[in-house]
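Source file: input-v1.cif. Holds: mmCIF, C-alpha atoms.
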```cif
data_target
loop_
_atom_site.label_atom_id
_atom_site.label_comp_id
_atom_site.auth_asym_id
_atom_site.auth_seq_id
_atom_site.Cartn_x
_atom_site.Cartn_y
_atom_site.Cartn_z
CA MET B 1 -0.27 3.87 -23.81
CA SER B 2 2.12 2.19 -21.40
CA ASN B 3 0.76 -0.61 -19.22
CA ASP B 4 3.22 0.34 -16.48
CA ILE B 5 1.21 1.19 -13.35
CA LEU B 6 2.52 3.23 -10.42
CA ARG B 7 0.48 3.12 -7.22
CA PHE B 8 1.27 5.96 -4.87
CA ALA B 9 -0.16 7.37 -1.65
CA THR B 10 -0.18 10.93 -0.36
CA ALA B 11 0.23 11.51 3.35
CA GLY B 12 1.18 14.18 5.83
CA SER B 13 -0.33 16.43 8.46
CA VAL B 14 -3.70 18.19 8.26
CA ASP B 15 -3.93 21.08 5.75
CA ASP B 16 -0.58 20.34 4.15
CA GLY B 17 -2.32 20.33 0.76
CA LYS B 18 -2.62 16.65 -0.16
CA SER B 19 -5.98 16.94 -1.90
CA THR B 20 -4.96 20.18 -3.62
CA LEU B 21 -1.81 18.49 -4.93
CA ILE B 22 -3.77 15.61 -6.40
CA GLY B 23 -6.30 18.02 -7.88
CA ARG B 24 -3.40 19.92 -9.47
CA LEU B 25 -1.92 16.71 -10.90
CA LEU B 26 -5.30 15.74 -12.37
CA HIS B 27 -5.97 19.23 -13.74
CA ASP B 28 -2.55 20.04 -15.20
CA SER B 29 -2.17 16.58 -16.75
CA LYS B 30 -5.60 17.12 -18.37
CA SER B 31 -7.04 14.04 -16.66
CA ILE B 32 -10.39 15.52 -15.63
CA LEU B 33 -13.45 16.23 -17.75
CA GLU B 34 -14.57 19.78 -18.42
CA ASP B 35 -17.90 19.31 -16.64
CA GLN B 36 -16.05 18.01 -13.54
CA PHE B 37 -13.93 21.16 -13.43
CA ASP B 38 -17.01 23.34 -14.00
CA ALA B 39 -18.71 21.69 -11.03
CA VAL B 40 -15.65 22.39 -8.87
CA GLU B 41 -15.63 26.02 -9.99
CA ARG B 42 -19.34 26.43 -9.16
CA THR B 43 -18.88 24.89 -5.72
CA SER B 44 -15.85 27.09 -5.05
CA VAL B 45 -17.74 30.25 -6.02
CA ALA B 46 -20.68 29.21 -3.84
CA ARG B 47 -18.25 28.90 -0.92
CA GLY B 48 -16.85 32.37 -1.56
CA GLU B 49 -13.42 31.25 -2.77
CA GLU B 50 -11.43 33.32 -5.26
CA ARG B 51 -10.34 30.45 -7.51
CA ALA B 52 -11.34 26.85 -8.23
CA ASN B 53 -10.52 24.72 -5.19
CA LEU B 54 -8.83 21.72 -6.77
CA ALA B 55 -9.04 19.79 -3.49
CA LEU B 56 -12.74 19.28 -4.20
CA LEU B 57 -11.79 16.88 -7.01
CA THR B 58 -10.76 14.33 -4.37
CA ASP B 59 -12.67 15.32 -1.23
CA GLY B 60 -15.79 13.44 -2.30
CA LEU B 61 -17.56 12.87 1.02
CA ARG B 62 -19.92 15.66 2.08
CA ALA B 63 -18.38 15.74 5.56
CA GLU B 64 -14.96 16.21 3.97
CA ARG B 65 -16.10 19.08 1.81
CA GLU B 66 -17.79 20.83 4.71
CA GLN B 67 -14.76 20.51 6.98
CA GLY B 68 -12.13 20.90 4.27
CA ILE B 69 -10.36 17.71 5.36
CA THR B 70 -9.87 14.20 4.02
CA ILE B 71 -11.47 11.43 6.11
CA ASP B 72 -11.64 8.33 3.95
CA VAL B 73 -9.02 7.00 1.53
CA ALA B 74 -9.96 8.55 -1.82
CA TYR B 75 -8.66 6.65 -4.87
CA ARG B 76 -8.12 8.46 -8.15
CA TYR B 77 -6.75 7.34 -11.51
CA PHE B 78 -4.98 9.20 -14.28
CA ALA B 79 -2.53 8.44 -17.02
CA THR B 80 0.21 10.08 -19.08
CA PRO B 81 1.84 8.67 -22.21
CA LYS B 82 4.56 7.18 -19.99
CA ARG B 83 2.63 5.61 -17.13
CA THR B 84 -0.75 4.94 -15.53
CA PHE B 85 -1.25 6.12 -11.94
CA VAL B 86 -3.43 4.97 -9.06
CA ILE B 87 -3.51 7.55 -6.26
CA ALA B 88 -4.54 6.89 -2.66
CA ASP B 89 -5.29 10.22 -0.98
CA THR B 90 -5.00 9.38 2.73
CA PRO B 91 -6.20 11.40 5.74
CA GLY B 92 -3.95 13.64 7.81
CA HIS B 93 -5.76 13.53 11.16
CA ILE B 94 -4.24 11.25 13.78
CA GLN B 95 -7.55 9.44 14.39
CA TYR B 96 -7.52 8.27 10.76
CA THR B 97 -4.02 6.75 10.85
CA ARG B 98 -5.56 3.35 10.02
CA ASN B 99 -6.80 4.78 6.70
CA MET B 100 -3.26 5.86 5.88
CA VAL B 101 -2.06 2.30 6.55
CA THR B 102 -4.76 1.01 4.18
CA GLY B 103 -3.74 3.39 1.40
CA ALA B 104 0.02 2.88 1.71
CA SER B 105 0.01 -0.92 2.11
CA SER B 106 -0.27 -1.54 -1.64
CA SER B 107 1.66 1.53 -2.84
CA ASP B 108 4.94 1.61 -4.76
CA LEU B 109 5.66 5.16 -3.63
CA ALA B 110 4.52 7.57 -0.93
CA ILE B 111 4.46 11.37 -1.08
CA ILE B 112 4.75 12.99 2.36
CA LEU B 113 3.66 16.61 2.20
CA VAL B 114 5.09 19.21 4.57
CA ASP B 115 3.86 22.79 4.93
CA ALA B 116 6.92 24.97 4.29
CA ARG B 117 5.77 27.41 7.01
CA LYS B 118 5.25 24.79 9.73
CA GLY B 119 8.03 22.36 8.88
CA LEU B 120 7.98 18.76 10.08
CA GLN B 121 5.01 17.91 12.31
CA ASP B 122 4.45 14.83 14.49
CA GLN B 123 2.05 13.49 11.87
CA SER B 124 4.67 13.98 9.14
CA ARG B 125 7.09 11.82 11.13
CA ARG B 126 4.36 9.30 11.94
CA HIS B 127 3.45 8.86 8.27
CA ALA B 128 7.10 8.62 7.25
CA PHE B 129 7.63 5.88 9.81
CA LEU B 130 4.49 4.02 8.68
CA THR B 131 5.57 4.09 5.02
CA THR B 132 8.88 2.48 5.96
CA LEU B 133 7.15 -0.01 8.27
CA LEU B 134 4.92 -0.93 5.31
CA GLN B 135 8.05 -1.31 3.13
CA VAL B 136 6.95 1.30 0.58
CA PRO B 137 10.05 1.29 -1.67
CA HIS B 138 10.12 4.97 -2.69
CA LEU B 139 9.52 8.06 -0.56
CA VAL B 140 9.12 11.66 -1.75
CA LEU B 141 9.11 14.57 0.69
CA ALA B 142 7.18 17.34 -1.07
CA VAL B 143 7.70 20.68 0.69
CA ASN B 144 4.44 22.44 -0.18
CA LYS B 145 3.28 26.07 -0.02
CA MET B 146 6.70 27.38 -1.04
CA ASP B 147 4.89 30.50 -2.35
CA LEU B 148 4.08 31.41 1.28
CA VAL B 149 7.76 31.48 2.27
CA ASP B 150 8.83 33.50 -0.79
CA HIS B 151 10.18 30.37 -2.50
CA SER B 152 13.04 30.36 0.01
CA GLN B 153 15.86 27.94 -0.73
CA GLU B 154 17.07 28.31 2.86
CA ARG B 155 13.72 27.16 4.26
CA PHE B 156 13.62 24.18 1.89
CA GLU B 157 17.16 23.14 2.82
CA GLU B 158 16.33 23.49 6.53
CA ILE B 159 13.36 21.10 6.24
CA LYS B 160 15.40 18.77 4.06
CA ARG B 161 18.17 18.56 6.70
CA GLU B 162 15.67 17.98 9.51
CA PHE B 163 13.93 15.16 7.65
CA THR B 164 17.19 13.56 6.52
CA GLU B 165 18.31 13.40 10.15
CA PHE B 166 15.00 11.77 11.16
CA ALA B 167 15.20 9.33 8.21
CA THR B 168 18.47 7.89 9.51
CA LYS B 169 16.37 6.09 12.18
CA LEU B 170 14.17 4.54 9.48
CA ASP B 171 14.67 1.98 6.74
CA VAL B 172 14.34 4.37 3.78
CA ARG B 173 15.42 2.82 0.49
CA ASP B 174 14.90 5.76 -1.89
CA LEU B 175 14.31 9.34 -0.73
CA THR B 176 13.63 12.37 -2.95
CA PHE B 177 12.92 16.01 -2.01
CA VAL B 178 10.83 18.37 -4.17
CA PRO B 179 9.82 21.99 -3.34
CA ILE B 180 6.32 22.68 -4.69
CA SER B 181 3.29 24.94 -4.59
CA ALA B 182 0.25 22.77 -5.24
CA LEU B 183 -2.03 25.81 -5.31
CA HIS B 184 -0.12 27.52 -8.13
CA GLY B 185 1.36 24.42 -9.77
CA ASP B 186 5.04 25.18 -9.15
CA ASN B 187 7.18 22.04 -9.74
CA VAL B 188 4.09 19.80 -9.80
CA VAL B 189 3.72 19.04 -13.50
CA SER B 190 6.23 21.55 -14.85
CA THR B 191 9.38 22.99 -13.30
CA SER B 192 8.91 26.45 -11.81
CA THR B 193 10.63 29.69 -12.78
CA ASN B 194 9.95 30.92 -9.23
CA MET B 195 12.57 28.51 -7.84
CA PRO B 196 15.52 28.65 -10.27
CA TRP B 197 17.79 27.32 -7.50
CA TYR B 198 16.01 23.93 -7.65
CA GLU B 199 17.66 21.79 -10.34
CA GLY B 200 15.70 18.57 -9.86
CA PRO B 201 12.71 17.24 -11.83
CA SER B 202 9.09 18.20 -11.34
CA LEU B 203 7.01 15.90 -9.17
CA LEU B 204 5.17 14.37 -12.15
CA HIS B 205 8.43 13.82 -14.03
CA HIS B 206 9.77 11.92 -11.02
CA LEU B 207 6.58 9.85 -10.78
CA GLU B 208 6.78 9.01 -14.48
CA ASN B 209 10.40 7.90 -14.33
CA VAL B 210 10.95 6.34 -10.90
CA HIS B 211 12.11 2.74 -11.43
CA ILE B 212 9.72 0.24 -9.86
CA ALA B 213 10.26 -2.94 -11.91
CA SER B 214 12.98 -4.19 -9.56
CA ASP B 215 10.79 -3.62 -6.48
CA ARG B 216 8.70 -6.71 -7.21
CA ASN B 217 9.96 -10.04 -5.91
CA LEU B 218 10.71 -12.04 -9.06
CA ILE B 219 12.84 -14.65 -7.29
CA ASP B 220 10.54 -16.41 -4.81
CA ALA B 221 7.67 -18.05 -6.71
CA ARG B 222 4.41 -17.74 -4.76
CA PHE B 223 0.94 -18.59 -6.10
CA PRO B 224 -1.88 -18.59 -3.51
CA VAL B 225 -4.83 -20.53 -4.95
CA GLN B 226 -7.99 -18.46 -4.95
CA TYR B 227 -10.42 -20.68 -6.85
CA VAL B 228 -10.56 -24.13 -8.43
CA ILE B 229 -12.14 -24.06 -11.90
CA ARG B 230 -14.12 -27.14 -12.92
CA PRO B 231 -16.50 -26.54 -15.89
CA HIS B 232 -18.87 -29.47 -15.10
CA LYS B 233 -21.68 -28.42 -17.45
CA SER B 234 -19.75 -28.27 -20.71
CA ASP B 235 -20.61 -30.20 -23.89
CA ASP B 236 -16.95 -30.17 -24.90
CA PRO B 237 -15.48 -33.61 -23.97
CA GLU B 238 -12.01 -32.05 -23.61
CA LEU B 239 -13.29 -29.96 -20.70
CA HIS B 240 -14.66 -32.89 -18.68
CA ASP B 241 -11.28 -33.39 -16.99
CA TYR B 242 -10.40 -29.69 -16.91
CA ARG B 243 -9.09 -28.53 -13.55
CA GLY B 244 -7.56 -25.07 -13.33
CA TYR B 245 -6.26 -23.18 -10.31
CA ALA B 246 -6.99 -19.46 -10.45
CA GLY B 247 -5.23 -16.79 -8.43
CA ARG B 248 -2.87 -13.85 -8.47
CA VAL B 249 0.89 -14.37 -8.69
CA ALA B 250 2.36 -13.06 -5.42
CA GLY B 251 6.02 -13.54 -6.29
CA GLY B 252 8.50 -14.99 -8.75
CA VAL B 253 8.07 -15.97 -12.40
CA LEU B 254 6.06 -19.05 -13.41
CA LYS B 255 6.41 -20.80 -16.79
CA PRO B 256 4.96 -23.95 -18.38
CA GLY B 257 7.25 -26.89 -17.62
CA ASP B 258 8.39 -25.49 -14.26
CA GLU B 259 8.52 -27.98 -11.42
CA VAL B 260 6.38 -26.82 -8.50
CA ILE B 261 5.16 -28.18 -5.17
CA HIS B 262 1.82 -27.87 -3.48
CA LEU B 263 1.48 -26.75 0.12
CA PRO B 264 0.41 -28.13 2.52
CA SER B 265 0.77 -31.62 0.96
CA GLY B 266 4.34 -31.16 -0.30
CA LEU B 267 3.52 -33.11 -3.49
CA SER B 268 5.39 -32.06 -6.62
CA THR B 269 4.23 -31.68 -10.21
CA ARG B 270 4.86 -29.47 -13.24
CA ILE B 271 2.97 -26.57 -14.76
CA GLU B 272 1.28 -27.74 -17.96
CA LYS B 273 -0.28 -24.43 -19.08
CA ILE B 274 -0.79 -20.88 -17.88
CA VAL B 275 -4.05 -19.33 -19.06
CA THR B 276 -5.55 -15.84 -18.86
CA ALA B 277 -8.76 -14.34 -20.20
CA ASP B 278 -6.86 -13.61 -23.42
CA GLY B 279 -5.56 -17.16 -23.88
CA GLU B 280 -2.38 -19.07 -23.07
CA ILE B 281 0.78 -17.22 -22.03
CA THR B 282 4.40 -18.33 -21.73
CA GLU B 283 5.13 -16.80 -18.32
CA ALA B 284 3.38 -15.12 -15.39
CA CYS B 285 4.76 -12.68 -12.82
CA PRO B 286 3.35 -10.37 -10.11
CA PRO B 287 0.70 -9.02 -10.00
CA MET B 288 -0.89 -10.99 -12.87
CA SER B 289 -4.11 -12.94 -12.33
CA VAL B 290 -3.86 -16.29 -14.11
CA THR B 291 -5.08 -19.89 -14.12
CA LEU B 292 -2.55 -22.70 -13.76
CA LEU B 293 -3.10 -26.18 -15.20
CA LEU B 294 -0.87 -28.86 -13.69
CA GLU B 295 0.35 -32.16 -15.16
CA ASP B 296 -0.80 -34.27 -12.18
CA ASP B 297 -4.07 -34.51 -10.26
CA ILE B 298 -3.45 -33.16 -6.77
CA ASP B 299 -6.10 -32.31 -4.20
CA ILE B 300 -5.75 -28.51 -4.19
CA SER B 301 -8.25 -26.06 -2.74
CA ARG B 302 -8.63 -22.36 -1.94
CA GLY B 303 -6.00 -21.11 0.48
CA ASP B 304 -3.32 -23.58 -0.65
CA MET B 305 0.00 -22.41 -2.07
CA ILE B 306 1.94 -23.39 -5.20
CA CYS B 307 5.67 -22.64 -5.10
CA ARG B 308 9.10 -24.00 -6.08
CA PRO B 309 10.49 -27.21 -4.50
CA ASN B 310 13.60 -25.63 -2.99
CA ASN B 311 12.14 -22.20 -2.31
CA ALA B 312 8.99 -22.47 -0.23
CA PRO B 313 7.46 -20.07 2.31
CA VAL B 314 7.44 -21.04 5.98
CA ALA B 315 4.42 -23.14 6.94
CA SER B 316 3.75 -22.04 10.49
CA GLN B 317 1.04 -21.68 13.12
CA ASP B 318 3.21 -19.40 15.30
CA ILE B 319 3.82 -15.93 13.90
CA GLU B 320 5.42 -12.76 15.24
CA ALA B 321 4.14 -9.62 13.56
CA MET B 322 3.82 -5.87 13.77
CA VAL B 323 0.10 -5.08 14.02
CA CYS B 324 -1.70 -1.78 13.49
CA TRP B 325 -4.96 -1.91 15.46
CA MET B 326 -7.78 -0.35 13.45
CA THR B 327 -10.91 -0.26 15.63
CA ASP B 328 -12.16 1.55 18.72
CA ALA B 329 -14.85 -1.08 19.35
CA ARG B 330 -12.41 -3.21 21.34
CA LYS B 331 -8.72 -3.37 22.28
CA LEU B 332 -6.19 -5.96 21.25
CA THR B 333 -5.09 -7.85 24.37
CA PRO B 334 -3.42 -11.21 25.02
CA ARG B 335 -5.89 -14.10 24.62
CA THR B 336 -7.94 -12.13 22.06
CA LYS B 337 -9.46 -14.50 19.47
CA LEU B 338 -9.84 -13.34 15.88
CA LEU B 339 -9.87 -14.46 12.27
CA VAL B 340 -6.78 -13.95 10.13
CA LYS B 341 -7.02 -13.43 6.35
CA HIS B 342 -3.62 -14.20 4.81
CA THR B 343 -3.43 -14.28 0.99
CA THR B 344 -6.41 -16.52 0.14
CA ARG B 345 -6.42 -18.50 3.40
CA THR B 346 -8.62 -17.70 6.40
CA ALA B 347 -8.03 -19.23 9.84
CA ARG B 348 -8.75 -18.57 13.49
CA VAL B 349 -5.97 -17.05 15.56
CA MET B 350 -5.35 -16.18 19.18
CA VAL B 351 -3.05 -13.42 20.42
CA LYS B 352 -0.50 -15.24 22.59
CA ASP B 353 1.11 -12.08 23.92
CA LEU B 354 1.92 -8.44 23.23
CA ARG B 355 5.68 -7.99 23.20
CA TYR B 356 5.65 -4.19 23.07
CA ARG B 357 3.70 -1.16 21.90
CA LEU B 358 5.58 1.23 19.62
CA ASP B 359 5.43 5.02 19.96
CA VAL B 360 5.57 6.06 16.32
CA ASN B 361 6.71 9.58 17.24
CA SER B 362 9.74 8.69 19.38
CA LEU B 363 10.09 5.05 18.17
CA HIS B 364 10.18 4.09 21.88
CA ARG B 365 9.13 0.52 22.72
CA ASP B 366 6.79 0.18 25.69
CA GLU B 367 7.36 -3.40 26.84
CA GLN B 368 4.92 -2.95 29.77
CA ALA B 369 1.96 -2.25 27.47
CA GLU B 370 -1.10 -4.41 28.17
CA HIS B 371 -3.14 -3.63 25.04
CA LEU B 372 -3.29 -1.90 21.67
CA ALA B 373 -6.00 0.72 21.15
CA LEU B 374 -7.21 2.38 17.94
CA ASN B 375 -4.33 3.36 15.59
CA GLU B 376 -1.68 1.95 17.93
CA ILE B 377 1.08 -0.32 16.62
CA GLY B 378 2.78 -3.13 18.46
CA ARG B 379 4.61 -6.41 18.07
CA VAL B 380 2.50 -9.46 18.89
CA ARG B 381 2.74 -13.24 18.84
CA LEU B 382 -0.13 -15.08 17.15
CA ARG B 383 -1.11 -18.74 17.16
CA SER B 384 -3.32 -19.96 14.28
CA THR B 385 -5.51 -23.05 14.11
CA GLN B 386 -3.94 -24.13 10.82
CA PRO B 387 -0.59 -23.44 9.14
CA LEU B 388 -0.16 -20.21 7.19
CA PHE B 389 2.33 -20.09 4.33
CA VAL B 390 4.23 -16.91 5.12
CA ASP B 391 7.34 -14.96 4.21
CA GLU B 392 8.77 -12.08 6.17
CA TYR B 393 7.04 -8.86 5.12
CA ALA B 394 10.39 -7.33 4.18
CA LYS B 395 10.84 -10.17 1.67
CA ASN B 396 7.33 -10.26 0.17
CA ARG B 397 4.57 -7.79 0.99
CA GLN B 398 1.85 -10.12 -0.34
CA THR B 399 2.78 -13.28 1.57
CA GLY B 400 4.05 -11.29 4.55
CA GLY B 401 0.94 -9.19 5.11
CA PHE B 402 -2.42 -10.11 6.63
CA VAL B 403 -5.57 -8.60 8.10
CA LEU B 404 -7.32 -9.46 11.36
CA ILE B 405 -11.11 -9.79 11.40
CA ASP B 406 -13.63 -9.75 14.26
CA GLU B 407 -15.54 -13.04 14.07
CA GLY B 408 -18.70 -11.54 15.51
CA THR B 409 -19.03 -8.46 13.29
CA ASN B 410 -16.87 -9.52 10.30
CA ALA B 411 -15.18 -6.10 10.56
CA THR B 412 -11.49 -5.65 9.78
CA VAL B 413 -9.86 -4.73 13.10
CA GLY B 414 -6.14 -4.93 12.36
CA ALA B 415 -3.44 -5.09 9.71
CA GLY B 416 -0.26 -7.08 10.26
CA MET B 417 3.21 -7.50 8.84
CA VAL B 418 5.07 -10.75 9.51
CA VAL B 419 8.39 -10.24 11.26
CA ARG B 420 9.16 -13.88 11.98
CA ALA B 421 7.52 -17.30 11.66
CA SER B 422 8.63 -20.43 13.50
#
```
Rewrite the structure from the file as structure tokens, please.
Amino acid sequence: MSNDILRFATAGSVDDGKSTLIGRLLHDSKSILEDQFDAVERTSVARGEERANLALLTDGLRAEREQGITIDVAYRYFATPKRTFVIADTPGHIQYTRNMVTGASSSDLAIILVDARKGLQDQSRRHAFLTTLLQVPHLVLAVNKMDLVDHSQERFEEIKREFTEFATKLDVRDLTFVPISALHGDNVVSTSTNMPWYEGPSLLHHLENVHIASDRNLIDARFPVQYVIRPHKSDDPELHDYRGYAGRVAGGVLKPGDEVIHLPSGLSTRIEKIVTADGEITEACPPMSVTLLLEDDIDISRGDMICRPNNAPVASQDIEAMVCWMTDARKLTPRTKLLVKHTTRTARVMVKDLRYRLDVNSLHRDEQAEHLALNEIGRVRLRSTQPLFVDEYAKNRQTGGFVLIDEGTNATVGAGMVVRAS
């Protein structure tokens, strides 16, 4: 089995068939157990449906099943001989836009579903914009329910033209169009005889073969320290002086012998060893979790950064970022005080000002806006109490992304993407 993992999110408007599509992928790729499918069949019969409702495989919350919608982000896993997949099934309703941001933020690819009868909806455009804002490298527009428009090539081409025109306003790196019927399985796992005019691959074939290795930043070495390992209670004398720095590689390639510097001190040293749970390795790259042992004793703690001497992130207390506000308990306004969680570092921040609020439908910038409410996106200036080691989000999604936390409730209230640090 390949260790290659593709993380992808499904998005789109309500009732475009996101959960049904994922259910079809799981079912047709034989990734669900027989008793799971039997349970879905029983539930479908009890609800008076003619066939097994594959959407029930992902709509796990009772409220979702009763309403026939997706509310939370449902994660599912399946694998084929070529690749392992992690799916984030995100909600279609506008009030759950924040959940879509959560699901897409760590995805390599996003599938935007469009109902062939309805065409592009506001929510389709909103989710397409958000995937590009979140720098998701690959985008697939899946035109669903083609069976309800008699598998019309003209209708597919019409939607394709409309979306292509809209995509010219966005930063879309890789765009693919696939006509499908999730209910009947057309072009989902296998190509369909009902649409002989379509000469492209099935959706699963595209997911198995889309090239993602070059999407990861292997140039800018970034290692946020998560934990310092000191085995004090060991009888092994060799471990008395052991000091390892554990974390997840956020960028670049690290090897024993490499010269590195520590931030914030700026002191330099070399990597002595790189260790994992399976023993020593000769190199580490994203998104591996490893422990670094360094040649020199440097005072390093959680939240610090290890990087290359001539290629370091910006150490800054003043950050400009695009923020998606994710709570209705309060609004984001200038002078708001919050906690920021950036890589492994947590600090207090204050919102210096709100530069503009963005209308994700028209892409209009409202520079007179005084606040951000639930699900709204805007560009803000933040001032932190201690330096954060950041890159622009377009350069590195790990060191360019952060979350905002309410100090009083410890609830996540916002997600941000660094535009500029000074």
| field | Distance query Ser181 of chain B at most 6 Å, all atoms listed in the file, self and fewer than 2 positions along chain excluded, as number ranges by chain | value | B: 144-146, 183-186
| field | Distance query segment 223-225 of chain B at most 8 Å, all atoms listed in the file, self and fewer than 3 positions along chain excluded, as a PyMOL selection string | value | chain B and resi 228+245-251+301-307+343-344
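Distances from B:Val172, B:Gly244, B:Ile159, B:Leu203 to Val275 of chain B were compared using all atoms listed in the file, and the smallest one belongs to B:Gly244.
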| task | Specify as a PyMOL selection string each residue included when the PyMOL selection byres ((chain B and resi 128-130) around 10) is applied to this file. | result | chain B and resi 11-12+97+100-101+104-105+110-112+122-127+131-136+139-141+163+166-167+169-172+324+360-361+363+377
Atoms kept (C-alpha atoms) for selection, written as an mmCIF file, in the frame of the given file:
```
data_model
loop_
_atom_site.group_PDB
_atom_site.id
_atom_site.type_symbol
_atom_site.label_atom_id
_atom_site.label_comp_id
_atom_site.auth_asym_id
_atom_site.auth_seq_id
_atom_site.Cartn_x
_atom_site.Cartn_y
_atom_site.Cartn_z
ATOM 1 C CA ALA B 11 0.230 11.510 3.350
ATOM 2 C CA GLY B 12 1.180 14.180 5.830
ATOM 3 C CA THR B 97 -4.020 6.750 10.850
ATOM 4 C CA MET B 100 -3.260 5.860 5.880
ATOM 5 C CA VAL B 101 -2.060 2.300 6.550
ATOM 6 C CA ALA B 104 0.020 2.880 1.710
ATOM 7 C CA SER B 105 0.010 -0.920 2.110
ATOM 8 C CA ALA B 110 4.520 7.570 -0.930
ATOM 9 C CA ILE B 111 4.460 11.370 -1.080
ATOM 10 C CA ILE B 112 4.750 12.990 2.360
ATOM 11 C CA ASP B 122 4.450 14.830 14.490
ATOM 12 C CA GLN B 123 2.050 13.490 11.870
ATOM 13 C CA SER B 124 4.670 13.980 9.140
ATOM 14 C CA ARG B 125 7.090 11.820 11.130
ATOM 15 C CA ARG B 126 4.360 9.300 11.940
ATOM 16 C CA HIS B 127 3.450 8.860 8.270
ATOM 17 C CA THR B 131 5.570 4.090 5.020
ATOM 18 C CA THR B 132 8.880 2.480 5.960
ATOM 19 C CA LEU B 133 7.150 -0.010 8.270
ATOM 20 C CA LEU B 134 4.920 -0.930 5.310
ATOM 21 C CA GLN B 135 8.050 -1.310 3.130
ATOM 22 C CA VAL B 136 6.950 1.300 0.580
ATOM 23 C CA LEU B 139 9.520 8.060 -0.560
ATOM 24 C CA VAL B 140 9.120 11.660 -1.750
ATOM 25 C CA LEU B 141 9.110 14.570 0.690
ATOM 26 C CA PHE B 163 13.930 15.160 7.650
ATOM 27 C CA PHE B 166 15.000 11.770 11.160
ATOM 28 C CA ALA B 167 15.200 9.330 8.210
ATOM 29 C CA LYS B 169 16.370 6.090 12.180
ATOM 30 C CA LEU B 170 14.170 4.540 9.480
ATOM 31 C CA ASP B 171 14.670 1.980 6.740
ATOM 32 C CA VAL B 172 14.340 4.370 3.780
ATOM 33 C CA CYS B 324 -1.700 -1.780 13.490
ATOM 34 C CA VAL B 360 5.570 6.060 16.320
ATOM 35 C CA ASN B 361 6.710 9.580 17.240
ATOM 36 C CA LEU B 363 10.090 5.050 18.170
ATOM 37 C CA ILE B 377 1.080 -0.320 16.620
#
```
| At a cut-off of 7 Å from (8.2, -18.2, -19.5) in the coordinates of the file, what residues are picked up using only C-alpha atoms, written as an MDAnalysis selection string? | chainID B and resid 254:256 282:283
| task | Using only C-alpha atoms, find the one residue out of B:Trp325, B:Val340, B:Thr176, B:Phe389 that sits nearest to His262 of chain B. | result |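 Smallest separation from His262 of chain B among the options: B:Phe389.
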| If I put a ball of radius 7 Å at (7.9, -12.0, 10.8) in the file's coordinates, which residues poke into it when counting all atoms listed in the file, written as a VMD selection string? | chain B and resid 319 to 321 392 to 393 417 to 421
| field | Explicit residues for the PyMOL selection byres ((chain B and resi 358) around 8) (as a ChimeraX atom specification) | value | /B:356-357,359-360,363-366,376-379
| task | Have a look at atom CA of Leu113 of chain B and atom CA of Phe78 of chain B and let me know their distance in Å, one decimal. | result |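 Straight-line distance from atom CA of Leu113 of chain B to atom CA of Phe78 of chain B works out to 20.0 Å.
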